file final07.cif (mmCIF, C-alpha atoms)
data_my_file
loop_
_atom_site.label_atom_id
_atom_site.label_comp_id
_atom_site.auth_asym_id
_atom_site.auth_seq_id
_atom_site.Cartn_x
_atom_site.Cartn_y
_atom_site.Cartn_z
CA MET A 1 -33.17 14.09 4.37
CA ALA A 2 -31.44 13.54 7.68
CA SER A 3 -34.15 11.30 9.08
CA SER A 4 -34.67 9.48 5.79
CA GLY A 5 -30.93 8.94 5.55
CA LEU A 6 -30.85 7.46 9.01
CA GLU A 7 -33.88 5.34 8.19
CA LEU A 8 -32.19 4.06 5.03
CA LEU A 9 -29.13 3.15 7.05
CA LEU A 10 -31.15 1.23 9.61
CA VAL A 11 -33.09 -0.62 6.92
CA SER A 12 -29.87 -1.41 5.02
CA LEU A 13 -27.95 -2.62 8.04
CA PRO A 14 -28.57 -6.36 7.61
CA GLN A 15 -27.60 -6.17 3.92
CA LEU A 16 -24.50 -4.07 4.65
CA GLY A 17 -23.66 -6.45 7.47
CA ARG A 18 -23.59 -9.42 5.11
CA GLY A 19 -21.26 -7.52 2.77
CA ALA A 20 -19.10 -6.43 5.69
CA ALA A 21 -18.83 -10.07 6.79
CA GLN A 22 -17.39 -10.95 3.36
CA THR A 23 -14.90 -8.05 3.52
CA LEU A 24 -13.85 -8.97 7.05
CA ALA A 25 -13.58 -12.67 6.19
CA ILE A 26 -11.25 -11.92 3.26
CA SER A 27 -9.17 -9.60 5.43
CA ALA A 28 -9.00 -12.01 8.37
CA LEU A 29 -8.01 -14.99 6.21
CA GLY A 30 -5.48 -12.81 4.41
CA ILE A 31 -4.00 -11.70 7.73
CA VAL A 32 -3.76 -15.24 9.14
CA PHE A 33 -2.15 -16.70 6.00
CA SER A 34 0.16 -13.69 5.58
CA THR A 35 1.39 -14.09 9.14
CA LEU A 36 2.05 -17.82 8.72
CA GLY A 37 3.60 -17.33 5.29
CA GLY A 38 5.57 -14.32 6.47
CA VAL A 39 7.13 -16.16 9.40
CA ALA A 40 8.02 -19.06 7.08
CA TYR A 41 9.54 -16.61 4.57
CA GLY A 42 11.47 -14.75 7.25
CA VAL A 43 12.90 -17.91 8.82
CA LEU A 44 13.84 -19.37 5.42
CA ALA A 45 15.49 -16.08 4.42
CA SER A 46 17.50 -16.00 7.66
CA LEU A 47 19.03 -19.41 6.90
CA ASN A 48 21.24 -17.75 4.25
CA ARG A 49 21.14 -20.56 1.70
CA ARG A 50 22.09 -19.16 -1.66
CA GLY A 51 19.57 -21.02 -3.83
CA LEU A 52 16.75 -20.45 -1.36
CA ASN A 53 17.55 -16.74 -1.10
CA LEU A 54 17.35 -16.42 -4.86
CA VAL A 55 13.89 -18.01 -4.94
CA LEU A 56 12.64 -15.78 -2.11
CA ARG A 57 14.15 -12.72 -3.77
CA VAL A 58 12.37 -13.42 -7.06
CA TYR A 59 9.10 -14.00 -5.16
CA LEU A 60 9.52 -10.72 -3.27
CA GLU A 61 10.44 -8.67 -6.33
CA LEU A 62 7.49 -10.06 -8.31
CA PHE A 63 5.08 -8.99 -5.57
CA ARG A 64 6.78 -5.61 -5.24
CA ALA A 65 6.89 -4.92 -8.97
CA ILE A 66 3.39 -6.08 -9.88
CA PRO A 67 0.58 -4.17 -8.13
CA VAL A 68 -1.90 -6.19 -6.05
CA LEU A 69 -4.81 -5.28 -8.30
CA VAL A 70 -2.89 -6.62 -11.30
CA TRP A 71 -2.21 -9.84 -9.36
CA LEU A 72 -5.93 -10.13 -8.68
CA TYR A 73 -6.72 -9.97 -12.40
CA LEU A 74 -3.78 -12.22 -13.31
CA LEU A 75 -4.97 -15.00 -11.03
CA PHE A 76 -8.69 -14.44 -11.56
CA PHE A 77 -8.41 -14.59 -15.36
CA GLY A 78 -5.18 -16.54 -15.55
CA LEU A 79 -5.77 -19.54 -13.28
CA PRO A 80 -8.70 -20.87 -15.34
CA ILE A 81 -6.70 -20.56 -18.57
CA PHE A 82 -3.27 -21.70 -17.50
CA PHE A 83 -4.21 -24.37 -14.95
CA ALA A 84 -7.84 -25.06 -15.89
CA LEU A 85 -8.45 -24.11 -12.29
CA SER A 86 -11.50 -22.00 -11.65
CA ILE A 87 -11.58 -20.63 -8.13
CA PRO A 88 -14.33 -18.38 -6.76
CA SER A 89 -13.43 -14.69 -6.66
CA PHE A 90 -13.61 -14.76 -2.86
CA TRP A 91 -10.78 -17.31 -2.63
CA CYS A 92 -8.88 -15.61 -5.41
CA ALA A 93 -8.85 -12.44 -3.29
CA VAL A 94 -7.74 -14.40 -0.21
CA LEU A 95 -4.99 -16.09 -2.21
CA VAL A 96 -3.60 -12.85 -3.65
CA LEU A 97 -3.74 -11.00 -0.32
CA SER A 98 -2.00 -13.93 1.38
CA LEU A 99 0.78 -14.22 -1.19
CA TRP A 100 1.37 -10.47 -1.21
CA GLY A 101 1.04 -10.15 2.57
CA SER A 102 3.48 -13.03 3.11
CA SER A 103 6.15 -11.21 1.15
CA GLU A 104 5.57 -8.02 3.14
CA VAL A 105 5.41 -9.68 6.57
CA GLY A 106 8.30 -11.93 5.51
CA GLU A 107 10.62 -8.98 4.91
CA VAL A 108 9.73 -7.62 8.35
CA VAL A 109 10.43 -11.00 10.01
CA ARG A 110 13.69 -11.35 8.11
CA GLY A 111 14.81 -7.89 9.20
CA ALA A 112 13.83 -8.54 12.82
CA LEU A 113 15.72 -11.85 12.89
CA ARG A 114 18.77 -10.27 11.34
CA SER A 115 18.80 -7.51 13.96
CA LEU A 116 19.40 -10.05 16.75
CA PRO A 117 22.99 -10.41 17.99
CA LEU A 118 24.72 -13.32 16.25
CA GLY A 119 25.68 -14.67 19.67
CA GLN A 120 22.08 -15.72 20.28
CA ARG A 121 22.14 -18.10 17.36
CA GLU A 122 25.60 -19.39 18.22
CA ALA A 123 24.74 -19.88 21.89
CA GLY A 124 21.58 -21.78 20.95
CA LEU A 125 23.45 -24.03 18.56
CA SER A 126 26.30 -24.60 21.00
CA ILE A 127 23.96 -25.97 23.67
CA GLY A 128 22.66 -28.40 21.08
CA LEU A 129 19.25 -26.91 20.18
CA SER A 130 17.69 -28.19 16.98
CA ALA A 131 16.78 -25.65 14.30
CA TRP A 132 13.13 -25.79 15.40
CA GLN A 133 14.07 -25.21 19.04
CA LEU A 134 16.50 -22.45 18.11
CA TYR A 135 13.84 -20.49 16.23
CA GLY A 136 10.90 -21.43 18.45
CA TYR A 137 12.50 -20.73 21.83
CA VAL A 138 15.36 -18.31 21.16
CA LEU A 139 15.21 -16.27 17.98
CA LEU A 140 11.52 -15.70 17.14
CA PRO A 141 10.48 -14.71 20.70
CA GLN A 142 13.21 -12.08 20.76
CA ALA A 143 12.34 -10.83 17.29
CA LEU A 144 8.66 -10.56 18.24
CA LYS A 145 8.90 -7.09 19.76
CA ARG A 146 10.68 -5.69 16.76
CA MET A 147 8.38 -7.23 14.19
CA THR A 148 4.97 -6.69 15.79
CA PRO A 149 4.46 -2.94 15.15
CA PRO A 150 5.32 -3.03 11.42
CA THR A 151 3.33 -6.26 11.01
CA ILE A 152 0.21 -4.63 12.46
CA ASN A 153 0.75 -1.86 9.93
CA ILE A 154 0.78 -4.45 7.17
CA TYR A 155 -2.52 -5.82 8.58
CA THR A 156 -4.13 -2.41 8.00
CA ARG A 157 -2.82 -2.46 4.45
CA ILE A 158 -4.28 -5.92 3.92
CA ILE A 159 -7.66 -4.72 5.22
CA LYS A 160 -7.57 -1.65 2.97
CA THR A 161 -6.44 -3.70 -0.01
CA SER A 162 -9.25 -6.21 0.53
CA SER A 163 -11.50 -3.47 -0.89
CA LEU A 164 -10.11 -4.32 -4.34
CA ALA A 165 -11.95 -7.68 -4.22
CA VAL A 166 -15.08 -5.90 -5.41
CA LEU A 167 -13.34 -5.33 -8.77
CA ILE A 168 -13.18 -9.07 -9.49
CA GLY A 169 -16.80 -9.57 -8.48
CA VAL A 170 -16.81 -10.39 -4.78
CA VAL A 171 -20.09 -9.22 -3.21
CA ASP A 172 -18.35 -7.44 -0.38
CA VAL A 173 -19.38 -4.40 1.64
CA ILE A 174 -18.65 -2.06 -1.30
CA LYS A 175 -20.74 -4.06 -3.78
CA VAL A 176 -23.64 -4.14 -1.32
CA GLY A 177 -23.26 -0.40 -0.87
CA GLN A 178 -23.39 0.10 -4.64
CA GLN A 179 -26.56 -2.01 -4.82
CA ILE A 180 -28.20 0.20 -2.19
CA ILE A 181 -27.10 3.32 -4.11
CA GLU A 182 -28.64 1.95 -7.31
CA ARG A 183 -31.95 1.69 -5.47
CA THR A 184 -31.83 4.90 -3.44
CA TYR A 185 -29.29 7.27 -5.07
CA GLU A 186 -27.88 8.03 -1.59
CA SER A 187 -24.28 7.89 -2.81
CA VAL A 188 -22.85 10.44 -0.37
CA LEU A 189 -24.38 8.68 2.61
CA ILE A 190 -23.38 5.16 1.56
CA TYR A 191 -19.83 5.99 0.46
CA GLY A 192 -19.49 8.05 3.64
CA VAL A 193 -20.49 5.00 5.68
CA LEU A 194 -18.08 2.77 3.76
CA PHE A 195 -15.31 5.31 4.32
CA LEU A 196 -15.96 5.31 8.08
CA PHE A 197 -16.33 1.52 8.14
CA PHE A 198 -12.75 1.07 6.95
CA PHE A 199 -11.49 3.98 9.05
CA PHE A 200 -12.85 2.60 12.31
CA ILE A 201 -11.24 -0.78 11.65
CA CYS A 202 -7.87 0.49 10.46
CA TYR A 203 -7.35 3.50 12.73
CA PRO A 204 -7.20 1.56 16.02
CA LEU A 205 -4.71 -0.86 14.46
CA SER A 206 -2.51 1.99 13.18
CA ALA A 207 -2.66 3.68 16.58
CA ALA A 208 -1.78 0.41 18.33
CA SER A 209 1.13 -0.13 15.98
CA ARG A 210 2.46 3.34 16.72
CA ALA A 211 2.02 2.97 20.48
CA LEU A 212 3.81 -0.40 20.51
CA GLU A 213 6.59 0.96 18.38
CA ARG A 214 7.12 3.85 20.77
CA ARG A 215 7.04 1.61 23.82
CA TRP A 216 9.24 -1.17 22.49
CA THR A 217 11.82 0.39 20.24
CA HIS A 218 12.58 3.51 22.24
CA ALA A 219 12.65 1.82 25.62
CA MET B 1 -3.79 -22.66 -26.51
CA SER B 2 -2.07 -20.53 -29.14
CA PHE B 3 -0.17 -17.36 -28.57
CA ASP B 4 -1.30 -14.69 -31.04
CA VAL B 5 1.82 -12.58 -31.56
CA ALA B 6 0.31 -10.60 -34.43
CA PHE B 7 -2.55 -9.55 -32.17
CA ILE B 8 -0.12 -8.40 -29.47
CA LEU B 9 1.77 -6.31 -32.01
CA SER B 10 -1.48 -4.70 -33.15
CA THR B 11 -2.23 -3.62 -29.57
CA LEU B 12 1.20 -2.15 -28.90
CA PRO B 13 0.34 1.45 -29.87
CA ALA B 14 -2.63 1.37 -27.49
CA PHE B 15 -0.49 -0.02 -24.68
CA LEU B 16 2.20 2.57 -25.33
CA LYS B 17 -0.47 5.21 -24.87
CA ALA B 18 -1.68 3.44 -21.73
CA VAL B 19 1.81 3.49 -20.23
CA GLY B 20 1.80 7.23 -21.00
CA VAL B 21 -1.46 7.64 -19.08
CA THR B 22 -0.12 5.62 -16.13
CA LEU B 23 3.01 7.78 -16.00
CA GLN B 24 0.97 10.96 -16.46
CA VAL B 25 -1.45 10.17 -13.61
CA GLY B 26 1.40 8.97 -11.41
CA LEU B 27 3.72 11.91 -12.02
CA ILE B 28 1.02 14.57 -11.68
CA ALA B 29 -0.16 12.93 -8.46
CA ILE B 30 3.41 12.81 -7.13
CA VAL B 31 3.92 16.53 -7.76
CA THR B 32 0.56 17.61 -6.31
CA SER B 33 1.01 15.26 -3.33
CA LEU B 34 4.41 16.75 -2.68
CA LEU B 35 2.98 20.28 -2.71
CA VAL B 36 0.20 19.30 -0.28
CA ALA B 37 2.74 17.52 1.91
CA LEU B 38 5.16 20.48 2.02
CA VAL B 39 2.44 22.78 3.32
CA ASN B 40 1.17 20.18 5.78
CA ALA B 41 4.63 19.28 7.05
CA ALA B 42 5.40 22.96 7.64
CA ILE B 43 2.17 23.26 9.64
CA LEU B 44 3.12 20.21 11.73
CA VAL B 45 6.76 21.12 12.23
CA TYR B 46 5.97 24.68 13.33
CA ARG B 47 3.04 23.42 15.46
CA THR B 48 0.61 25.92 13.95
CA PRO B 49 -2.35 26.05 16.34
CA TYR B 50 -5.69 24.60 15.10
CA LEU B 51 -4.34 23.93 11.60
CA GLN B 52 -2.10 21.30 13.15
CA ARG B 53 -5.17 19.37 14.35
CA VAL B 54 -6.79 19.62 10.92
CA VAL B 55 -3.68 18.24 9.23
CA GLN B 56 -3.44 15.40 11.75
CA LEU B 57 -7.08 14.47 11.18
CA TYR B 58 -6.59 14.58 7.40
CA VAL B 59 -3.51 12.37 7.57
CA GLU B 60 -5.29 9.76 9.72
CA LEU B 61 -8.40 9.76 7.53
CA ALA B 62 -6.45 9.40 4.30
CA ARG B 63 -4.05 6.76 5.57
CA ASN B 64 -6.65 4.54 7.21
CA THR B 65 -9.12 4.21 4.34
CA PRO B 66 -8.78 2.40 1.00
CA LEU B 67 -7.90 4.36 -2.13
CA LEU B 68 -10.79 2.66 -3.92
CA ILE B 69 -13.40 4.07 -1.49
CA GLN B 70 -11.85 7.53 -1.70
CA LEU B 71 -11.95 7.26 -5.47
CA PHE B 72 -15.57 6.09 -5.58
CA PHE B 73 -16.56 8.85 -3.18
CA VAL B 74 -15.00 11.53 -5.39
CA TYR B 75 -16.23 10.02 -8.66
CA PHE B 76 -19.72 8.79 -7.72
CA ALA B 77 -20.78 10.70 -4.61
CA LEU B 78 -19.51 14.23 -5.32
CA PRO B 79 -21.58 14.56 -8.54
CA SER B 80 -24.76 14.14 -6.49
CA LEU B 81 -23.63 17.24 -4.57
CA GLY B 82 -23.40 19.10 -7.89
CA LEU B 83 -19.69 18.50 -8.59
CA LYS B 84 -19.35 16.59 -11.83
CA ILE B 85 -15.80 15.49 -12.60
CA SER B 86 -14.07 13.30 -15.14
CA GLY B 87 -12.44 10.00 -14.25
CA PHE B 88 -9.02 11.53 -14.86
CA ALA B 89 -9.70 14.47 -12.52
CA ALA B 90 -11.14 12.11 -9.89
CA ALA B 91 -7.99 10.01 -10.17
CA ILE B 92 -5.69 13.00 -9.63
CA ILE B 93 -7.77 14.40 -6.76
CA THR B 94 -7.96 11.07 -4.96
CA MET B 95 -4.33 10.16 -5.43
CA THR B 96 -3.32 13.60 -4.20
CA PHE B 97 -5.54 13.10 -1.15
CA LEU B 98 -3.84 9.78 -0.42
CA GLY B 99 -0.31 10.68 -1.47
CA GLY B 100 -0.39 14.04 0.31
CA ALA B 101 -1.05 12.28 3.60
CA TYR B 102 1.72 9.71 3.18
CA LEU B 103 4.27 12.31 2.08
CA THR B 104 3.32 14.62 4.94
CA GLU B 105 4.36 11.89 7.36
CA VAL B 106 7.59 11.27 5.45
CA LEU B 107 8.61 14.94 5.48
CA ARG B 108 7.65 15.44 9.11
CA ALA B 109 9.63 12.39 10.15
CA GLY B 110 12.59 13.63 8.08
CA VAL B 111 12.65 17.00 9.84
CA GLU B 112 12.26 15.39 13.25
CA ALA B 113 15.13 13.04 12.54
CA VAL B 114 17.57 15.95 12.31
CA PRO B 115 19.42 15.86 15.65
CA ARG B 116 18.42 18.59 18.10
CA ALA B 117 22.07 19.55 18.56
CA GLN B 118 22.14 20.65 14.92
CA LEU B 119 19.43 23.26 15.60
CA GLU B 120 21.06 24.39 18.80
CA SER B 121 24.47 24.77 17.19
CA GLY B 122 22.92 26.67 14.31
CA ARG B 123 21.20 29.07 16.69
CA SER B 124 24.29 29.46 18.84
CA ILE B 125 26.38 30.64 15.89
CA GLY B 126 23.69 33.22 15.19
CA LEU B 127 21.83 31.81 12.16
CA SER B 128 18.41 33.28 11.52
CA GLU B 129 15.44 30.88 11.47
CA ALA B 130 15.37 31.07 7.67
CA GLN B 131 19.08 30.33 7.41
CA LEU B 132 18.68 27.50 9.88
CA LEU B 133 15.91 25.99 7.78
CA TRP B 134 17.71 26.40 4.47
CA HIS B 135 21.30 25.54 5.42
CA VAL B 136 20.87 23.12 8.32
CA ILE B 137 17.45 21.46 8.48
CA LEU B 138 16.39 20.99 4.87
CA PRO B 139 19.63 19.48 3.50
CA GLN B 140 19.74 16.90 6.29
CA ALA B 141 15.99 16.25 6.41
CA GLY B 142 15.93 15.92 2.64
CA LEU B 143 18.68 13.33 2.63
CA LEU B 144 17.14 11.40 5.52
CA SER B 145 13.70 11.24 3.91
CA LEU B 146 14.95 10.54 0.39
CA PRO B 147 14.47 6.73 0.44
CA SER B 148 11.00 7.03 2.05
CA LEU B 149 10.03 9.73 -0.42
CA PHE B 150 11.14 7.60 -3.32
CA ALA B 151 9.40 4.53 -1.85
CA ASN B 152 6.16 6.51 -1.71
CA PHE B 153 6.60 7.76 -5.27
CA VAL B 154 6.89 4.15 -6.45
CA PHE B 155 3.90 3.22 -4.28
CA LEU B 156 1.80 6.00 -5.85
CA LEU B 157 2.84 5.02 -9.35
CA LYS B 158 1.74 1.44 -8.68
CA GLU B 159 -1.52 2.60 -7.09
CA THR B 160 -2.51 4.20 -10.41
CA THR B 161 -3.77 0.75 -11.44
CA VAL B 162 -6.67 1.28 -9.01
CA VAL B 163 -7.97 4.25 -11.02
CA SER B 164 -8.78 1.78 -13.82
CA ALA B 165 -11.98 1.33 -11.78
CA VAL B 166 -13.23 4.74 -12.97
CA ALA B 167 -12.34 4.12 -16.62
CA VAL B 168 -9.05 6.02 -16.79
CA PRO B 169 -7.36 4.35 -19.79
CA GLU B 170 -4.14 3.34 -18.05
CA ILE B 171 -2.46 -0.06 -18.42
CA LEU B 172 -4.93 -2.20 -16.45
CA TYR B 173 -8.02 -0.59 -17.96
CA THR B 174 -6.58 -1.03 -21.45
CA THR B 175 -5.88 -4.71 -20.71
CA LYS B 176 -9.43 -5.25 -19.47
CA SER B 177 -10.94 -3.53 -22.51
CA TYR B 178 -8.97 -5.71 -24.92
CA ILE B 179 -9.92 -8.87 -23.02
CA ALA B 180 -13.58 -7.85 -23.08
CA LEU B 181 -13.48 -7.00 -26.80
CA TYR B 182 -11.36 -9.81 -28.27
CA TYR B 183 -11.13 -12.52 -25.58
CA LYS B 184 -7.35 -12.59 -26.02
CA THR B 185 -6.97 -13.08 -22.27
CA TYR B 186 -3.73 -15.05 -22.43
CA GLU B 187 -1.91 -12.53 -24.63
CA MET B 188 -3.17 -9.45 -22.81
CA LEU B 189 -2.26 -10.75 -19.35
CA ALA B 190 1.23 -11.50 -20.67
CA VAL B 191 1.55 -7.94 -21.99
CA LEU B 192 0.27 -6.46 -18.72
CA THR B 193 2.73 -8.52 -16.67
CA LEU B 194 5.59 -7.56 -18.94
CA ILE B 195 4.72 -3.86 -18.72
CA CYS B 196 4.58 -4.02 -14.91
CA VAL B 197 7.93 -5.77 -14.72
CA LEU B 198 9.57 -3.35 -17.15
CA LEU B 199 8.04 -0.29 -15.52
CA PHE B 200 8.10 -1.06 -11.79
CA LEU B 201 10.89 -3.59 -11.26
CA PRO B 202 13.75 -1.18 -12.11
CA LEU B 203 12.21 1.40 -9.77
CA SER B 204 11.90 -1.16 -7.00
CA LEU B 205 15.54 -2.20 -7.46
CA LEU B 206 16.70 1.42 -7.58
CA LEU B 207 14.86 2.00 -4.32
CA ARG B 208 16.69 -0.86 -2.64
CA TYR B 209 19.98 0.57 -3.90
CA LEU B 210 19.13 4.03 -2.54
CA GLU B 211 18.23 2.62 0.86
CA GLY B 212 21.51 0.74 0.94
CA ARG B 213 23.48 3.85 0.00
CA LEU B 214 21.88 5.96 2.70
CA GLN B 215 22.53 3.32 5.33
CA HIS B 216 26.12 3.13 4.12
CA GLY B 217 26.41 6.92 4.42
CA GLN B 218 25.08 6.87 7.97
CA PHE B 219 26.64 3.81 9.52
CA GLY B 220 29.46 2.74 7.23
CA SER B 221 28.96 -0.51 5.38
#
call {"tool": "encode", "arguments": {"input": "final07.cif", "output": "structure tokens"}}
result
Amino acid sequence: MASSGLELLLVSLPQLGRGAAQTLAISALGIVFSTLGGVAYGVLASLNRRGLNLVLRVYLELFRAIPVLVWLYLLFFGLPIFFALSIPSFWCAVLVLSLWGSSEVGEVVRGALRSLPLGQREAGLSIGLSAWQLYGYVLLPQALKRMTPPTINIYTRIIKTSSLAVLIGVVDVIKVGQQIIERTYESVLIYGVLFLFFFFICYPLSAASRALERRWTHA
Amino acid sequence: MSFDVAFILSTLPAFLKAVGVTLQVGLIAIVTSLLVALVNAAILVYRTPYLQRVVQLYVELARNTPLLIQLFFVYFALPSLGLKISGFAAAIITMTFLGGAYLTEVLRAGVEAVPRAQLESGRSIGLSEAQLLWHVILPQAGLLSLPSLFANFVFLLKETTVVSAVAVPEILYTTKSYIALYYKTYEMLAVLTLICVLLFLPLSLLLRYLEGRLQHGQFGS
């Protein structure tokens, strides 16, 4: 059993690797777009324009109220019907993770920007910085320390949530695992490996987030 | 594209039942998670030797892996070890595994947030450890962790949609079944969205209100 299990793992590695590449690609794209979208959201929210705030608030509440898995089905089934737009399940997963992640990262960025002393903004404006310069050189760099630890935490949630892509038909690491189980019936081994696969990606990130938080916020 | 209102009305009893299942899974999981977390938090707070390490390992394992993998492990892998369980039981077990870990952290953080001076003053006026826990630590820790606790309850309730993957007939599974049977995709997605908004949006707003109130209580407005 033990040796045959190990053998199965070695034989399955290339196949599992291809699935893992899909999972990691979805996660990585989701993380990149969530970061970009989140910074945009946070900056827009910090401008304090009433109409804009309302739009952002509705966007946030929709992504808080409706679970990510429901969003996946809504866009996967809904886009073809409502917009005659058929996107592959891979990109559907990336899209949903990015939209959801942007709202989560965005709230963190907004909070970090708001925590800065008002004098920073006023001083920047009074020496004639443009809005881009103000955010790029003064506000965002200072907010970086406060927003990095919780943002890394959101990254782990994006990676964990990418597992849901299998439910709309992405051939990710879980689907590949299920295919191997159908052939070999080694469900404990394969699901154990999948469990550890996610753990060894997410744990270092969680630990880093905690370490940074301790170093930066309690200093 | 027509909107079949009569069809939606005919599915309402089934969706009402599905909301019941969602609430049932969510509420049971919240209670069991809370029980697991109380025991674990006590072990962590009192630094029980050995057990403390076990709880820490459990919390890290549960928090750094996806609910879906945990669910599939319990539902598909455990039977091959001779443990056959229903989808409903697998859902409760898995969500307790996940929720227990999150709530453990919340409760531990709540207790640790009680200022040290509170404990020292309690001891100095001669309170016993039990009195200290009951009259000094728990009321303050409870209040401090209330928003996080509530946030995690809402999180768990929303996570119940994931257990649709093992055929628990909650709202998402019911939606999928109707789409597969009658191809009324448009109508069923609308119903699902509406249910989510009605069910989760008020909770989400209430949570924001609670957080605001606590902050107000601590720091003034």
call {"tool": "atom_distance", "arguments": {"input": "final07.cif", "atom1": "atom CA of B:Leu68", "atom2": "atom CA of A:Leu189"}}
result
16.2 Å
call {"tool": "residues_around", "arguments": {"input": "final07.cif", "residues": "B:Ala90", "least_positions_apart": "6", "cutoff": "12 Å", "atoms": "all atoms listed in the file", "output": "compact mmCIF listing (two decimals) with C-alpha atoms, in the coordinates of the input"}}
result
# COMPACT_ATOMS: atom_id res chain seq x y z
CA VAL B 25 -1.45 10.17 -13.61
CA ALA B 29 -0.16 12.93 -8.46
CA LEU B 67 -7.90 4.36 -2.13
CA LEU B 68 -10.79 2.66 -3.92
CA ILE B 69 -13.40 4.07 -1.49
CA GLN B 70 -11.85 7.53 -1.70
CA LEU B 71 -11.95 7.26 -5.47
CA PHE B 72 -15.57 6.09 -5.58
CA PHE B 73 -16.56 8.85 -3.18
CA VAL B 74 -15.00 11.53 -5.39
CA TYR B 75 -16.23 10.02 -8.66
CA PHE B 76 -19.72 8.79 -7.72
CA ALA B 77 -20.78 10.70 -4.61
CA LEU B 78 -19.51 14.23 -5.32
CA PRO B 79 -21.58 14.56 -8.54
CA LEU B 83 -19.69 18.50 -8.59
CA LYS B 84 -19.35 16.59 -11.83
CA THR B 96 -3.32 13.60 -4.20
CA PHE B 97 -5.54 13.10 -1.15
CA THR B 160 -2.51 4.20 -10.41
CA VAL B 162 -6.67 1.28 -9.01
CA VAL B 163 -7.97 4.25 -11.02
CA SER B 164 -8.78 1.78 -13.82
CA ALA B 165 -11.98 1.33 -11.78
CA VAL B 166 -13.23 4.74 -12.97
CA ALA B 167 -12.34 4.12 -16.62
CA VAL B 168 -9.05 6.02 -16.79
call {"tool": "interface_residues", "arguments": {"input": "final07.cif", "of": "chain B", "to": "chain A", "cutoff": "9 Å", "atoms": "only C-alpha atoms", "output": "number ranges by chain"}}
result
B: 1, 60-70, 72-73, 76-78, 80-81, 155, 158-159, 161-162, 165, 172, 176, 185-186, 189-190, 192-193, 196-205
call {"tool": "closest_residue", "arguments": {"input": "final07.cif", "among": "A:Leu44, A:Val193, A:Arg121, A:Leu144", "to": "A:Leu10", "atoms": "all atoms listed in the file"}}
result
A:Val193
call {"tool": "residues_around", "arguments": {"input": "final07.cif", "residues": "A:Thr184", "least_positions_apart": "4", "cutoff": "9 Å", "atoms": "only C-alpha atoms", "output": "list in words"}}
result
Leu8, Gln179 and Ile180 of chain A
call {"tool": "closest_residue", "arguments": {"input": "final07.cif", "among": "A:Ser12, A:Thr35, A:Ser126, A:Ser46", "to": "A:Leu99", "atoms": "only C-alpha atoms"}}
result
A:Thr35
call {"tool": "atom_distance", "arguments": {"input": "final07.cif", "atom1": "atom CA of A:Leu52", "atom2": "atom CA of A:Thr148"}}
result
24.9 Å
call {"tool": "closest_residue", "arguments": {"input": "final07.cif", "among": "B:Leu35, B:Leu157, B:Ile171, B:Leu9", "to": "B:Met95", "atoms": "all atoms listed in the file"}}
result
B:Leu157
call {"tool": "closest_residue", "arguments": {"input": "final07.cif", "among": "B:Arg47, B:Arg123, B:Arg108, B:Lys184", "to": "B:Ile8", "atoms": "only C-alpha atoms"}}
result
B:Lys184
call {"tool": "atom_distance", "arguments": {"input": "final07.cif", "atom1": "atom CA of B:Thr104", "atom2": "atom CA of B:Ala141"}}
result
12.9 Å
call {"tool": "residues_around", "arguments": {"input": "final07.cif", "residues": "A:Gly19", "least_positions_apart": "6", "cutoff": "7 Å", "atoms": "all atoms listed in the file", "output": "compact mmCIF listing (two decimals) with C-alpha atoms, keeping the file's coordinate frame"}}
result
# COMPACT_ATOMS: atom_id res chain seq x y z
CA VAL A 171 -20.09 -9.22 -3.21
CA ASP A 172 -18.35 -7.44 -0.38
CA VAL A 173 -19.38 -4.40 1.64
CA VAL A 176 -23.64 -4.14 -1.32
call {"tool": "resolve_selection", "arguments": {"input": "final07.cif", "expression": "the PyMOL selection byres ((chain A and resi 134) around 12)", "output": "tab-separated table (two decimals) with C-alpha atoms, keeping the file's coordinate frame"}}
result
chain	number	residue	atom	x	y	z
A	43	VAL	CA	12.90	-17.91	8.82
A	47	LEU	CA	19.03	-19.41	6.90
A	113	LEU	CA	15.72	-11.85	12.89
A	120	GLN	CA	22.08	-15.72	20.28
A	121	ARG	CA	22.14	-18.10	17.36
A	122	GLU	CA	25.60	-19.39	18.22
A	123	ALA	CA	24.74	-19.88	21.89
A	124	GLY	CA	21.58	-21.78	20.95
A	125	LEU	CA	23.45	-24.03	18.56
A	126	SER	CA	26.30	-24.60	21.00
A	127	ILE	CA	23.96	-25.97	23.67
A	128	GLY	CA	22.66	-28.40	21.08
A	129	LEU	CA	19.25	-26.91	20.18
A	130	SER	CA	17.69	-28.19	16.98
A	131	ALA	CA	16.78	-25.65	14.30
A	132	TRP	CA	13.13	-25.79	15.40
A	133	GLN	CA	14.07	-25.21	19.04
A	135	TYR	CA	13.84	-20.49	16.23
A	136	GLY	CA	10.90	-21.43	18.45
A	137	TYR	CA	12.50	-20.73	21.83
A	138	VAL	CA	15.36	-18.31	21.16
A	139	LEU	CA	15.21	-16.27	17.98
A	140	LEU	CA	11.52	-15.70	17.14
A	141	PRO	CA	10.48	-14.71	20.70
A	142	GLN	CA	13.21	-12.08	20.76
call {"tool": "closest_residue", "arguments": {"input": "final07.cif", "among": "A:Glu107, A:Gly177, A:Val94, A:Tyr155", "to": "A:Arg57", "atoms": "all atoms listed in the file"}}
result
A:Glu107
